[in-house]
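Shown below: work.cif, with mmCIF, C-alpha atoms (C1' of nucleotides).
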data_final
#
loop_
_atom_site.label_atom_id
_atom_site.label_comp_id
_atom_site.auth_asym_id
_atom_site.auth_seq_id
_atom_site.Cartn_x
_atom_site.Cartn_y
_atom_site.Cartn_z
CA MET A 1 16.80 14.51 -27.03
CA ASP A 2 16.41 12.18 -29.93
CA LEU A 3 17.08 8.58 -28.90
CA LYS A 4 17.75 7.68 -32.54
CA PHE A 5 15.50 4.69 -32.25
CA LYS A 6 15.92 2.31 -35.14
CA LEU A 7 13.39 -0.39 -35.86
CA ILE A 8 15.64 -3.14 -37.14
CA LYS A 9 13.04 -5.78 -37.71
CA GLU A 10 9.37 -6.50 -37.14
CA SER A 11 8.11 -10.05 -36.89
CA SER A 12 4.64 -11.24 -35.83
CA GLY A 13 4.04 -7.92 -34.09
CA ALA A 14 7.30 -8.07 -32.17
CA ARG A 15 9.99 -5.47 -32.78
CA LEU A 16 13.75 -5.77 -32.75
CA GLY A 17 15.23 -2.33 -32.29
CA GLU A 18 18.06 -0.16 -31.11
CA PHE A 19 18.38 3.25 -29.51
CA GLU A 20 21.26 5.43 -28.54
CA THR A 21 22.26 7.43 -25.49
CA LYS A 22 25.58 8.87 -24.45
CA TRP A 23 26.25 5.50 -22.79
CA GLY A 24 26.16 3.73 -26.12
CA LYS A 25 23.75 1.72 -28.22
CA HIS A 26 21.05 -0.34 -26.60
CA LYS A 27 19.11 -3.24 -28.06
CA THR A 28 15.38 -3.65 -27.62
CA PRO A 29 13.27 -5.35 -26.36
CA MET A 30 14.92 -4.42 -23.11
CA PHE A 31 14.18 -4.77 -19.40
CA MET A 32 14.87 -2.14 -16.69
CA PRO A 33 15.25 -3.08 -13.02
CA VAL A 34 13.82 -0.51 -10.63
CA GLY A 35 16.03 1.59 -8.40
CA THR A 36 13.46 3.80 -6.72
CA GLN A 37 15.73 5.55 -4.27
CA ALA A 38 18.82 5.80 -6.47
CA THR A 39 19.74 2.17 -5.87
CA VAL A 40 18.40 -1.11 -7.12
CA LYS A 41 17.73 -2.52 -3.68
CA THR A 42 20.60 -4.66 -2.36
CA LEU A 43 22.67 -4.38 -5.57
CA SER A 44 25.77 -2.44 -6.57
CA PRO A 45 26.20 -1.00 -10.07
CA GLU A 46 28.84 -3.68 -10.72
CA GLU A 47 26.40 -6.43 -9.83
CA LEU A 48 23.80 -4.92 -12.16
CA LYS A 49 26.30 -4.85 -14.98
CA ASP A 50 27.29 -8.46 -14.30
CA ALA A 51 23.61 -9.39 -14.51
CA HIS A 52 23.57 -7.85 -18.03
CA SER A 53 21.37 -5.00 -16.91
CA ASP A 54 22.12 -1.98 -19.10
CA ILE A 55 19.53 0.51 -17.90
CA ILE A 56 17.69 1.26 -14.66
CA LEU A 57 14.63 3.18 -13.60
CA SER A 58 14.55 5.59 -10.70
CA ASN A 59 11.81 7.64 -9.14
CA THR A 60 11.01 11.34 -9.09
CA TYR A 61 8.67 11.28 -6.12
CA HIS A 62 11.05 9.46 -3.79
CA LEU A 63 14.14 11.45 -4.75
CA TRP A 64 12.25 14.75 -4.65
CA LEU A 65 11.35 14.05 -1.00
CA ARG A 66 14.69 12.56 -0.08
CA PRO A 67 17.45 13.61 -0.51
CA GLY A 68 15.92 16.32 -2.74
CA GLU A 69 16.69 17.13 -6.35
CA ASP A 70 19.04 19.99 -5.46
CA ILE A 71 21.45 17.68 -3.67
CA ILE A 72 21.49 15.29 -6.60
CA ASP A 73 21.98 18.24 -8.94
CA LYS A 74 24.93 19.43 -6.85
CA ALA A 75 26.39 15.90 -6.92
CA GLY A 76 26.42 16.20 -10.70
CA GLY A 77 23.20 14.34 -11.41
CA LEU A 78 21.93 10.86 -10.67
CA HIS A 79 24.66 8.99 -12.54
CA GLU A 80 27.37 10.73 -10.54
CA PHE A 81 25.47 10.63 -7.27
CA MET A 82 24.94 6.86 -7.33
CA ASN A 83 28.04 6.14 -9.39
CA TYR A 84 26.07 4.35 -12.06
CA LYS A 85 28.19 4.92 -15.15
CA THR A 86 27.49 1.95 -17.34
CA GLY A 87 24.11 2.75 -18.85
CA PRO A 88 21.18 5.09 -19.05
CA ILE A 89 18.75 5.96 -16.27
CA LEU A 90 15.05 6.60 -16.74
CA THR A 91 13.05 8.46 -14.11
CA ASP A 92 9.38 7.84 -13.57
CA CYS A 93 7.38 11.03 -13.12
CA GLY A 94 6.09 10.26 -9.63
CA GLY A 95 2.47 10.14 -10.72
CA PHE A 96 2.01 6.53 -9.77
CA GLN A 97 3.18 7.19 -6.19
CA VAL A 98 1.36 10.47 -5.76
CA PHE A 99 -1.97 9.05 -6.90
CA SER A 100 -1.67 6.24 -4.41
CA LEU A 101 -1.28 8.82 -1.63
CA ALA A 102 -3.95 11.29 -2.73
CA LYS A 103 -7.65 11.43 -1.96
CA PRO A 104 -9.96 11.82 -4.98
CA LYS A 105 -10.99 15.33 -3.93
CA ASP A 106 -7.36 16.44 -3.91
CA ILE A 107 -6.86 15.73 -7.60
CA SER A 108 -7.43 18.88 -9.66
CA GLU A 109 -6.61 20.29 -13.07
CA GLU A 110 -3.68 22.13 -11.54
CA GLY A 111 -2.10 19.06 -9.95
CA VAL A 112 -2.30 16.63 -7.08
CA LYS A 113 -2.34 17.41 -3.37
CA PHE A 114 -1.24 14.52 -1.18
CA LYS A 115 0.50 13.63 2.06
CA SER A 116 4.15 12.65 2.22
CA HIS A 117 4.64 9.02 3.19
CA LEU A 118 7.69 10.11 5.21
CA ASP A 119 6.27 12.71 7.60
CA GLY A 120 2.64 13.23 6.57
CA SER A 121 3.27 16.78 5.43
CA SER A 122 0.99 18.16 2.75
CA LEU A 123 2.58 18.42 -0.70
CA PHE A 124 1.49 19.43 -4.17
CA LEU A 125 2.85 17.98 -7.39
CA THR A 126 2.13 19.43 -10.82
CA PRO A 127 3.14 18.42 -14.33
CA GLU A 128 5.60 21.32 -14.42
CA LYS A 129 7.11 20.51 -11.05
CA SER A 130 7.62 16.85 -12.00
CA ILE A 131 9.56 17.86 -15.11
CA GLU A 132 11.58 20.47 -13.20
CA VAL A 133 12.59 17.87 -10.64
CA GLN A 134 13.43 15.38 -13.37
CA ASN A 135 15.52 18.00 -15.16
CA LYS A 136 17.59 18.38 -12.02
CA LEU A 137 17.86 14.65 -11.38
CA GLY A 138 19.39 14.42 -14.83
CA ALA A 139 18.23 11.01 -16.05
CA ASP A 140 18.65 10.22 -19.75
CA ILE A 141 14.95 9.55 -20.20
CA ILE A 142 12.17 11.29 -18.29
CA MET A 143 8.41 10.82 -18.12
CA SER A 144 5.50 13.18 -18.51
CA PHE A 145 3.31 13.55 -15.43
CA ASP A 146 0.16 11.55 -16.04
CA GLU A 147 -3.03 10.84 -14.17
CA CYS A 148 -3.15 7.27 -12.89
CA PRO A 149 -6.83 6.47 -12.39
CA PRO A 150 -7.94 3.54 -10.26
CA TYR A 151 -9.34 0.39 -11.87
CA PRO A 152 -12.01 0.03 -12.84
CA VAL A 153 -13.58 3.41 -13.61
CA THR A 154 -16.39 4.44 -15.94
CA HIS A 155 -15.81 5.38 -19.55
CA GLU A 156 -16.75 8.97 -18.70
CA TYR A 157 -14.25 9.15 -15.84
CA MET A 158 -11.52 7.65 -18.00
CA GLU A 159 -12.24 10.00 -20.89
CA ASN A 160 -11.81 13.03 -18.66
CA SER A 161 -8.68 11.50 -17.23
CA VAL A 162 -7.19 10.86 -20.67
CA LEU A 163 -7.90 14.42 -21.75
CA ARG A 164 -6.34 15.77 -18.58
CA THR A 165 -3.24 13.62 -19.07
CA LEU A 166 -2.93 15.11 -22.56
CA ARG A 167 -3.11 18.66 -21.18
CA TRP A 168 -0.60 17.73 -18.47
CA ALA A 169 1.75 16.26 -21.10
CA GLN A 170 1.64 19.55 -22.96
CA ARG A 171 2.29 21.56 -19.82
CA GLY A 172 5.24 19.39 -18.81
CA ARG A 173 6.68 19.54 -22.26
CA SER A 174 6.56 23.31 -22.32
CA VAL A 175 8.84 23.59 -19.27
CA HIS A 176 11.27 20.82 -20.23
CA SER A 177 14.56 22.71 -20.10
CA LYS A 178 17.00 19.90 -20.89
CA SER A 179 15.67 18.68 -24.19
CA ASP A 180 19.22 18.58 -25.51
CA THR A 181 20.31 15.90 -23.00
CA GLN A 182 17.08 14.32 -21.76
CA ALA A 183 14.52 12.45 -23.82
CA LEU A 184 10.92 13.08 -22.76
CA PHE A 185 8.20 10.45 -23.14
CA GLY A 186 4.45 10.91 -23.34
CA ILE A 187 2.16 8.42 -21.62
CA VAL A 188 -0.83 6.67 -23.15
CA GLN A 189 -3.73 6.00 -20.80
CA GLY A 190 -7.34 4.98 -21.47
CA GLY A 191 -7.85 1.90 -19.35
CA GLU A 192 -9.56 -1.01 -21.06
CA PHE A 193 -11.48 1.23 -23.48
CA GLU A 194 -10.37 0.84 -27.07
CA ASP A 195 -11.60 4.25 -28.23
CA LEU A 196 -9.86 6.02 -25.33
CA ARG A 197 -6.59 4.16 -25.81
CA ARG A 198 -6.76 5.13 -29.48
CA LEU A 199 -7.56 8.74 -28.67
CA SER A 200 -4.79 8.88 -26.10
CA ALA A 201 -2.23 7.25 -28.39
CA ILE A 202 -3.04 9.46 -31.39
CA LYS A 203 -3.20 12.73 -29.47
CA THR A 204 -0.05 11.96 -27.51
CA SER A 205 1.78 11.04 -30.72
CA GLU A 206 0.78 14.35 -32.26
CA MET A 207 2.84 16.07 -29.58
CA ASP A 208 5.88 14.34 -31.00
CA PHE A 209 7.61 13.01 -27.91
CA ASP A 210 10.94 11.18 -27.98
CA GLY A 211 9.18 7.97 -27.02
CA TYR A 212 5.84 6.68 -25.78
CA SER A 213 4.85 4.89 -22.62
CA VAL A 214 1.83 2.73 -22.10
CA GLY A 215 0.54 3.30 -18.58
CA GLY A 216 -2.37 2.08 -16.50
CA VAL A 217 -1.67 -1.57 -17.23
CA SER A 218 -1.49 -4.36 -14.65
CA VAL A 219 -3.65 -2.52 -12.16
CA GLY A 220 -5.88 -5.43 -11.24
CA GLU A 221 -7.46 -6.36 -14.57
CA ASP A 222 -7.53 -9.93 -15.88
CA ALA A 223 -4.90 -11.15 -18.33
CA GLU A 224 -7.09 -10.89 -21.42
CA THR A 225 -8.00 -7.28 -20.63
CA LYS A 226 -4.39 -6.46 -19.88
CA TYR A 227 -3.19 -7.63 -23.28
CA LYS A 228 -6.00 -5.78 -25.02
CA MET A 229 -5.03 -2.55 -23.27
CA ILE A 230 -1.55 -2.92 -24.72
CA GLU A 231 -2.79 -3.72 -28.22
CA TYR A 232 -5.23 -0.82 -28.24
CA ALA A 233 -2.36 1.55 -27.45
CA THR A 234 0.44 0.23 -29.66
CA ALA A 235 -1.91 -0.01 -32.63
CA HIS A 236 -1.87 3.78 -32.88
CA LEU A 237 1.69 4.65 -31.90
CA PRO A 238 4.30 5.63 -34.49
CA LYS A 239 6.51 2.74 -35.51
CA ASP A 240 9.69 4.80 -35.53
CA LYS A 241 9.57 5.66 -31.83
CA ILE A 242 10.35 3.50 -28.82
CA ARG A 243 7.43 2.12 -26.76
CA TYR A 244 7.69 1.53 -23.05
CA LEU A 245 5.19 -0.55 -21.08
CA MET A 246 5.27 0.88 -17.58
CA GLY A 247 5.48 -1.37 -14.57
CA VAL A 248 5.08 -4.70 -16.31
CA GLY A 249 7.62 -7.39 -15.70
CA ASP A 250 6.04 -10.74 -15.13
CA PRO A 251 7.96 -13.02 -17.53
CA VAL A 252 4.82 -14.09 -19.38
CA ASP A 253 3.61 -10.49 -19.62
CA ILE A 254 6.93 -9.44 -21.11
CA VAL A 255 6.64 -12.03 -23.86
CA GLU A 256 3.02 -11.06 -24.50
CA GLY A 257 3.94 -7.38 -24.48
CA VAL A 258 6.71 -7.86 -27.00
CA ILE A 259 4.31 -9.58 -29.38
CA ARG A 260 2.06 -6.54 -29.07
CA GLY A 261 4.83 -4.19 -30.09
CA ILE A 262 6.47 -3.14 -26.81
CA ASP A 263 10.21 -2.36 -26.70
CA LEU A 264 10.93 -1.46 -23.11
CA PHE A 265 9.76 -2.81 -19.74
CA ASP A 266 10.38 -1.98 -16.11
CA CYS A 267 9.24 -3.77 -13.01
CA VAL A 268 9.86 -4.12 -9.29
CA LEU A 269 8.97 -7.79 -9.52
CA PRO A 270 12.44 -9.36 -9.84
CA THR A 271 13.83 -7.49 -6.85
CA ARG A 272 10.73 -7.49 -4.68
CA LEU A 273 10.11 -11.19 -5.24
CA ALA A 274 13.77 -11.82 -4.50
CA ARG A 275 13.56 -10.07 -1.14
CA HIS A 276 10.62 -12.31 -0.29
CA GLY A 277 12.48 -15.43 -1.35
CA ASN A 278 10.98 -16.09 -4.78
CA ALA A 279 13.13 -16.94 -7.78
CA PHE A 280 12.21 -17.07 -11.45
CA THR A 281 13.09 -20.26 -13.28
CA ARG A 282 12.19 -21.47 -16.76
CA ASP A 283 9.88 -23.93 -15.02
CA GLY A 284 8.02 -21.21 -13.14
CA LYS A 285 8.49 -19.20 -10.01
CA ILE A 286 9.80 -21.04 -6.95
CA ASN A 287 9.72 -20.05 -3.28
CA LEU A 288 13.20 -20.72 -1.96
CA ARG A 289 11.96 -20.56 1.62
CA ASN A 290 9.95 -23.75 1.10
CA ALA A 291 11.02 -26.67 3.31
CA LYS A 292 11.60 -28.87 0.26
CA PHE A 293 14.78 -26.92 -0.49
CA LYS A 294 16.33 -27.54 2.92
CA GLU A 295 18.69 -30.17 1.58
CA ASP A 296 18.61 -29.24 -2.09
CA PHE A 297 22.25 -28.73 -2.95
CA SER A 298 21.58 -27.90 -6.60
CA VAL A 299 21.61 -24.35 -7.95
CA ILE A 300 18.46 -22.32 -8.70
CA ASP A 301 18.78 -22.85 -12.45
CA ASN A 302 21.66 -24.74 -13.99
CA GLU A 303 21.09 -23.01 -17.33
CA CYS A 304 21.64 -19.61 -15.69
CA ASP A 305 25.00 -17.87 -15.85
CA CYS A 306 24.44 -15.46 -12.96
CA TYR A 307 26.74 -15.12 -9.96
CA ALA A 308 24.26 -16.89 -7.66
CA CYS A 309 23.77 -19.85 -9.96
CA LYS A 310 27.49 -20.21 -10.61
CA ASN A 311 28.39 -20.32 -6.92
CA PHE A 312 25.62 -21.15 -4.47
CA THR A 313 23.13 -23.93 -3.76
CA LYS A 314 19.43 -23.56 -3.06
CA ALA A 315 19.96 -25.03 0.42
CA TYR A 316 22.49 -22.31 1.22
CA ILE A 317 20.37 -19.50 -0.20
CA ARG A 318 17.35 -20.85 1.69
CA HIS A 319 19.37 -20.77 4.87
CA LEU A 320 20.35 -17.15 4.24
CA LEU A 321 16.75 -16.13 3.53
CA THR A 322 15.41 -17.95 6.57
CA ALA A 323 18.07 -16.36 8.74
CA ASP A 324 17.20 -12.92 7.30
CA GLU A 325 20.67 -12.43 5.92
CA SER A 326 20.75 -9.70 3.28
CA PHE A 327 23.23 -11.66 1.17
CA GLY A 328 20.41 -14.09 0.40
CA GLN A 329 18.19 -11.30 -0.92
CA ARG A 330 21.08 -10.00 -2.95
CA LEU A 331 21.82 -13.36 -4.55
CA VAL A 332 18.19 -13.91 -5.52
CA SER A 333 17.92 -10.31 -6.81
CA ILE A 334 20.95 -10.91 -9.01
CA HIS A 335 19.42 -14.13 -10.29
CA ASN A 336 15.96 -12.67 -10.98
CA ILE A 337 17.36 -9.69 -12.84
CA ARG A 338 19.59 -11.94 -14.88
CA PHE A 339 16.58 -14.15 -15.60
CA LEU A 340 14.76 -11.21 -17.17
CA THR A 341 17.76 -9.80 -19.03
CA LYS A 342 18.34 -13.30 -20.43
CA LEU A 343 14.66 -13.52 -21.29
CA VAL A 344 14.83 -10.37 -23.43
CA GLU A 345 18.10 -11.59 -24.98
CA ASP A 346 16.32 -14.80 -26.00
CA ILE A 347 13.34 -12.78 -27.20
CA ARG A 348 15.58 -10.64 -29.40
CA GLU A 349 17.15 -13.74 -30.87
CA ALA A 350 13.73 -15.27 -31.50
CA ILE A 351 12.51 -12.12 -33.29
CA ASP A 352 15.68 -12.07 -35.36
CA ASN A 353 15.00 -15.67 -36.37
CA ASP A 354 11.30 -15.03 -37.05
CA ARG A 355 10.24 -17.47 -34.39
CA ILE A 356 8.83 -15.28 -31.64
CA LEU A 357 5.44 -17.04 -31.73
CA GLU A 358 7.10 -20.44 -31.30
CA PHE A 359 9.23 -18.97 -28.56
CA ARG A 360 6.13 -17.74 -26.75
CA GLU A 361 4.51 -21.17 -27.02
CA GLU A 362 7.58 -22.96 -25.68
CA PHE A 363 8.30 -20.45 -22.95
CA ILE A 364 4.77 -20.24 -21.59
CA ASN A 365 4.16 -24.00 -21.73
CA ARG A 366 7.25 -24.64 -19.67
CA TYR A 367 6.87 -21.66 -17.32
CA LYS A 368 3.24 -22.40 -16.52
CA LYS A 369 3.22 -26.19 -16.52
CA LYS A 370 4.05 -27.03 -12.84
"C1'" G B 1 11.87 -36.80 55.53
"C1'" C B 2 8.45 -32.61 55.95
"C1'" A B 3 6.15 -27.95 54.11
"C1'" C B 4 4.95 -24.76 50.20
"C1'" C B 5 4.81 -23.59 44.91
"C1'" A B 6 4.69 -25.04 39.89
"C1'" U B 7 3.42 -28.41 35.52
"C1'" U B 8 -0.96 -25.50 29.11
"C1'" G B 9 1.52 -26.36 21.44
"C1'" G B 10 8.18 -26.20 18.70
"C1'" U B 11 9.14 -21.71 22.24
"C1'" G B 12 7.37 -17.58 25.66
"C1'" A B 13 2.99 -17.76 27.74
"C1'" A B 14 -2.82 -15.92 28.72
"C1'" G B 15 -7.21 -18.16 30.35
"C1'" U B 16 -12.19 -20.33 31.90
"C1'" G B 17 -16.72 -25.45 35.67
"C1'" G B 18 -20.20 -25.53 29.71
"C1'" U B 19 -20.17 -24.49 21.77
"C1'" U B 20 -14.05 -23.14 17.88
"C1'" A B 21 -7.91 -22.79 24.65
"C1'" A B 22 -6.09 -15.51 23.77
"C1'" C B 23 -1.71 -13.34 22.07
"C1'" A B 24 3.43 -13.32 20.41
"C1'" C B 25 7.49 -15.80 18.19
"C1'" G B 26 8.65 -20.05 15.39
"C1'" G B 27 6.97 -23.66 11.64
"C1'" C B 28 4.25 -24.60 7.04
"C1'" A B 29 2.16 -22.44 2.68
"C1'" G B 30 0.32 -18.45 -0.47
"C1'" A B 31 0.55 -13.29 -2.35
"C1'" U B 32 3.56 -9.48 -4.68
"C1'" U B 33 3.65 -6.01 -11.93
"C1'" G B 34 5.60 3.01 -13.16
"C1'" U B 35 8.95 -0.76 -4.92
"C1'" G B 36 6.52 -2.03 1.40
"C1'" G B 37 14.63 -3.05 2.64
"C1'" U B 38 12.39 -7.26 5.76
"C1'" U B 39 5.58 -6.51 3.86
"C1'" C B 40 0.66 -8.74 3.52
"C1'" U B 41 -2.71 -13.16 3.88
"C1'" G B 42 -3.88 -18.03 5.43
"C1'" U B 43 -2.68 -22.16 8.47
"C1'" U B 44 -0.49 -24.41 12.75
"C1'" A B 45 -2.58 -27.72 20.73
"C1'" U B 46 -9.40 -32.84 19.20
"C1'" G B 47 -5.75 -30.96 23.75
"C1'" C B 48 -3.96 -28.10 29.26
"C1'" G B 49 2.06 -33.82 33.57
"C1'" U B 50 -0.27 -39.14 34.80
"C1'" C B 51 -4.19 -41.95 37.07
"C1'" G B 52 -8.57 -41.74 39.76
"C1'" G B 53 -12.74 -38.93 42.03
"C1'" U B 54 -16.73 -34.96 42.46
"C1'" U B 55 -20.20 -33.03 38.66
"C1'" C B 56 -25.28 -33.31 33.75
"C1'" G B 57 -20.34 -31.48 32.18
"C1'" A B 58 -13.41 -30.75 34.47
"C1'" U B 59 -7.56 -27.89 31.52
"C1'" C B 60 -10.04 -25.28 35.72
"C1'" C B 61 -12.54 -28.38 42.07
"C1'" C B 62 -10.61 -32.84 45.24
"C1'" G B 63 -6.97 -37.03 46.03
"C1'" A B 64 -2.75 -39.97 44.81
"C1'" C B 65 1.47 -40.37 41.92
"C1'" A B 66 5.46 -38.30 38.63
"C1'" U B 67 8.73 -34.34 37.50
"C1'" G B 68 10.94 -29.53 38.67
"C1'" G B 69 11.81 -25.39 42.17
"C1'" U B 70 12.15 -23.05 47.11
"C1'" G B 71 12.48 -23.47 52.38
"C1'" U B 72 13.64 -26.50 56.64
"C1'" C B 73 15.73 -30.72 60.02
#

File written out as structure tokens:
Amino acid sequence: MDLKFKLIKESSGARLGEFETKWGKHKTPMFMPVGTQATVKTLSPEELKDAHSDIILSNTYHLWLRPGEDIIDKAGGLHEFMNYKTGPILTDCGGFQVFSLAKPKDISEEGVKFKSHLDGSSLFLTPEKSIEVQNKLGADIIMSFDECPPYPVTHEYMENSVLRTLRWAQRGRSVHSKSDTQALFGIVQGGEFEDLRRLSAIKTSEMDFDGYSVGGVSVGEDAETKYKMIEYATAHLPKDKIRYLMGVGDPVDIVEGVIRGIDLFDCVLPTRLARHGNAFTRDGKINLRNAKFKEDFSVIDNECDCYACKNFTKAYIRHLLTADESFGQRLVSIHNIRFLTKLVEDIREAIDNDRILEFREEFINRYKKK
RNA sequence: GCACCAUUGGUGAAGUGGUUAACACGGCAGAUUGUGGUUCUGUUAUGCGUCGGUUCGAUCCCGACAUGGUGUC
């Protein structure tokens, strides 16, 4: 399915864009919270909407195992099943999960053999199977099944991996049965190697997917390497298609990614950090469980318009977190998601005003000062 | 009054005549990037009720005292 991506403006490498799904028009750069098991942990669809989140990511591997794609299909698809009716859903292919569960010897050209994290049973996932499951889940955007190599690996290893991911992309594409309603993305790999990122980007683009993901980033490399990986990939991707940087969501990384031509981000960070008591603020990340907030009756961020910041103090939220009350995790999740949706709103405005580089300077100086 | 038992960190407690007093919880801090829904890592008693004694050396043995518990007149 064509997402009708429109590149509205390009400024200092950053792109202001728009794409369309049956849920409406969506502005990029955009951030997606992660709802692995058909829920963004602790949050209702209403709360997501209130936090200005217009799209979520869910996961093929987890839903395939439980409750199973057939049940979700019978429910009428993911949107119906989880009653998320305000925006698009993107499903990850499951590769990332499967590779973390597989032994090297169990990775073959055919697919990946691995053990279920639920009951230890032996399972096999192939590029075709991943697409079939995603077809049944019914997300608006689905991912090709890619190989997710560890970091670091040799150039030779990575080259073979990139070539295999290309073959897998072709195989998945050939069984994609819902191309009228589901957009399919190809994934660029290649690690930190410029020639392999280029090869991967060019060859994947030749397959003419509805959008392109940049994978294998933020896997343990240093910041400089991370940003190069992104540049090497986006340099060779078509300008008229959307680009999605998989799994990256640190606020600074989002800004740096945008400047390197990324349109779409997803990350578990806002919700995972929230569950562990950490909140994003313009002045850096804070740990709300810290004793210094015991009697701090101010809000997390008085510039924030989220439900938590409009109604509750840090002292109260700290109490909830310390007492293991789920409402505390929910409030911080709402805040962290709103922080990132506001960040991309500000980024879009900065691109529109041709001041994204100044924005980066100001944002990073304040976020990292401490 | 007498007899017996007990006394270890914020809590529950283990332990030994000899360098750093186990473990758990709690506390304090850190981590987290295509999800670990309560995770991971680090740290947290210069001291074993008090005062003496024995000993090269005592939280551990002995005595007195303090506090608590049980039994008994």

Report task. Report as a ChimeraX atom specification the full result of the PyMOL selection byres ((chain A) within 9 of (chain B)) when it is applied to this structure. Result -> /A:34-36,41-42,59,92-97,215-219,245-250,253,266-269,271-273,275-276,290-291,324

Query raised in the report: How many Å separate atom CA of Ile334 of chain A from atom CA of Gly87 of chain A?
Result: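 Those two atoms sit 17.1 Å apart.
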
Requested in this report: Tell me, in Å to one decimal, how far atom CA of Asp305 of chain A is from atom CA of Asp50 of chain A.
Outcome: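 Distance between the two atoms: 9.8 Å.
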
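Considering only C-alpha atoms, the residue among A:Pro127, A:Pro149, A:Pro29, A:Gly261 positioned nearest to Ala102 of chain A is A:Pro149.
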
Report task. Apply the PyMOL selection byres ((chain B and resi 57) around 7) to the displayed file and report the matching residues as JSON, numbers by chain. Result -> {"B": [18, 55, 56]}

Requested in this report: Would you translate the PyMOL selection byres ((chain A and resi 162) around 12) into the concrete set of residues it matches in this file, as JSON, numbers by chain?
Outcome: {"A": [146, 147, 148, 149, 155, 156, 157, 158, 159, 160, 161, 163, 164, 165, 166, 167, 168, 169, 186, 187, 188, 189, 190, 191, 193, 195, 196, 197, 198, 199, 200, 201, 202, 203, 204, 215, 216]}

Report task. For atom C1' of A13 of chain B and atom C1' of A66 of chain B, quote the distance in Å rounded to one decimal. Result ->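 Separation between atom C1' of A13 of chain B and atom C1' of A66 of chain B: 23.4 Å.
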
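Point (9.0, -22.4, 20.1) has the following residues at most 6 Å away: G10, U11 and G26 of chain B (atoms considered: only C-alpha atoms (C1' of nucleotides)).
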
Query - Expected residue set, 8 Å radius at (1.7, -26.4, 25.0), all atoms listed in the file, as an MDAnalysis selection string - result: chainID B and resid 8:9 45 48

Report task. Kindly indicate which residue among A:Arg338, A:His319, A:Lys74, A:Gln182 lies nearest to Glu20 of chain A, using all atoms listed in the file for the distances. Result ->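 Closest candidate: A:Gln182.
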
Query raised in the report: Hey, what's within 12 Å of G52 of chain B if we count only C-alpha atoms (C1' of nucleotides) and toss same-chain stuff fewer than 3 positions away? As a PyMOL selection string, please?
Result: chain B and resi 62-65

Prev. selection, C-alpha atoms (C1' of nucleotides), output as a compact mmCIF listing (two decimals), in the coordinates of the input:
# COMPACT_ATOMS: atom_id res chain seq x y z
C1' C B 62 -10.61 -32.84 45.24
C1' G B 63 -6.97 -37.03 46.03
C1' A B 64 -2.75 -39.97 44.81
C1' C B 65 1.47 -40.37 41.92

Requested in this report: Name the residues in contact with Phe280 of chain A at a cut-off of 8 Å, using only C-alpha atoms (C1' of nucleotides), excluding same-chain residues fewer than 2 positions from it; report them as a list of chain:residue names.
Outcome: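 Counting only the stated atoms, we get A:Pro270, A:Asn278, A:Arg282, A:Gly284, A:Lys285, A:Ile286, A:His335, A:Asn336, A:Phe339.
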
Requested in this report: Return the single residue from B:A6, B:A21, B:C73, B:A31 that is closest to G47 of chain B, with distances computed using all atoms listed in the file.
Outcome: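 So, comparing all the options, the nearest one is B:A21.
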
Taking all atoms of segment 43-51 of chain B that the file lists and extending 4 Å past them on each side, where is the centre of the axis-aligned box and how long are its edges? Answer in Å to one decimal, as lines of an AutoDock Vina configuration file.
center_x = -3.7
center_y = -32.1
center_z = 22.8
size_x = 19.5
size_y = 27.8
size_z = 36.6

Query - Spatial neighbours of segment 110-121 of chain A, 9 Å, all atoms listed in the file, chain gap at least 4 places, as a ChimeraX atom specification - result: /A:65,95,98-103,105-106,125-127,168

Only C-alpha atoms, please: the residues just picked out, written as a JSON list (two decimals), in the frame of the given file.
[["chain", "number", "residue", "atom", "x", "y", "z"],
["A", 65, "LEU", "CA", 11.35, 14.05, -1.00],
["A", 95, "GLY", "CA", 2.47, 10.14, -10.72],
["A", 98, "VAL", "CA", 1.36, 10.47, -5.76],
["A", 99, "PHE", "CA", -1.97, 9.05, -6.90],
["A", 100, "SER", "CA", -1.67, 6.24, -4.41],
["A", 101, "LEU", "CA", -1.28, 8.82, -1.63],
["A", 102, "ALA", "CA", -3.95, 11.29, -2.73],
["A", 103, "LYS", "CA", -7.65, 11.43, -1.96],
["A", 105, "LYS", "CA", -10.99, 15.33, -3.93],
["A", 106, "ASP", "CA", -7.36, 16.44, -3.91],
["A", 125, "LEU", "CA", 2.85, 17.98, -7.39],
["A", 126, "THR", "CA", 2.13, 19.43, -10.82],
["A", 127, "PRO", "CA", 3.14, 18.42, -14.33],
["A", 168, "TRP", "CA", -0.60, 17.73, -18.47]]

**Report entry** Counting all atoms listed in the file, the option among B:G49, B:U54, B:C40, B:C23 closest to G68 of chain B
**Finding:**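 Closest candidate: B:G49.
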
**Report entry** Option closest in space to Ile141 of chain A, from A:Val252, A:Leu48, A:Ile71, A:Leu3 [counting only C-alpha atoms]
**Finding:**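 For Ile141 of chain A, the nearest of the candidates is A:Leu3.
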
Report task. Give me the residues within 12 Å of Lys310 of chain A as a VMD selection string, counting only C-alpha atoms (C1' of nucleotides) and dropping any in the same chain fewer than 3 places off. Result -> chain A and resid 298 to 307 313 to 314 331 334 to 335
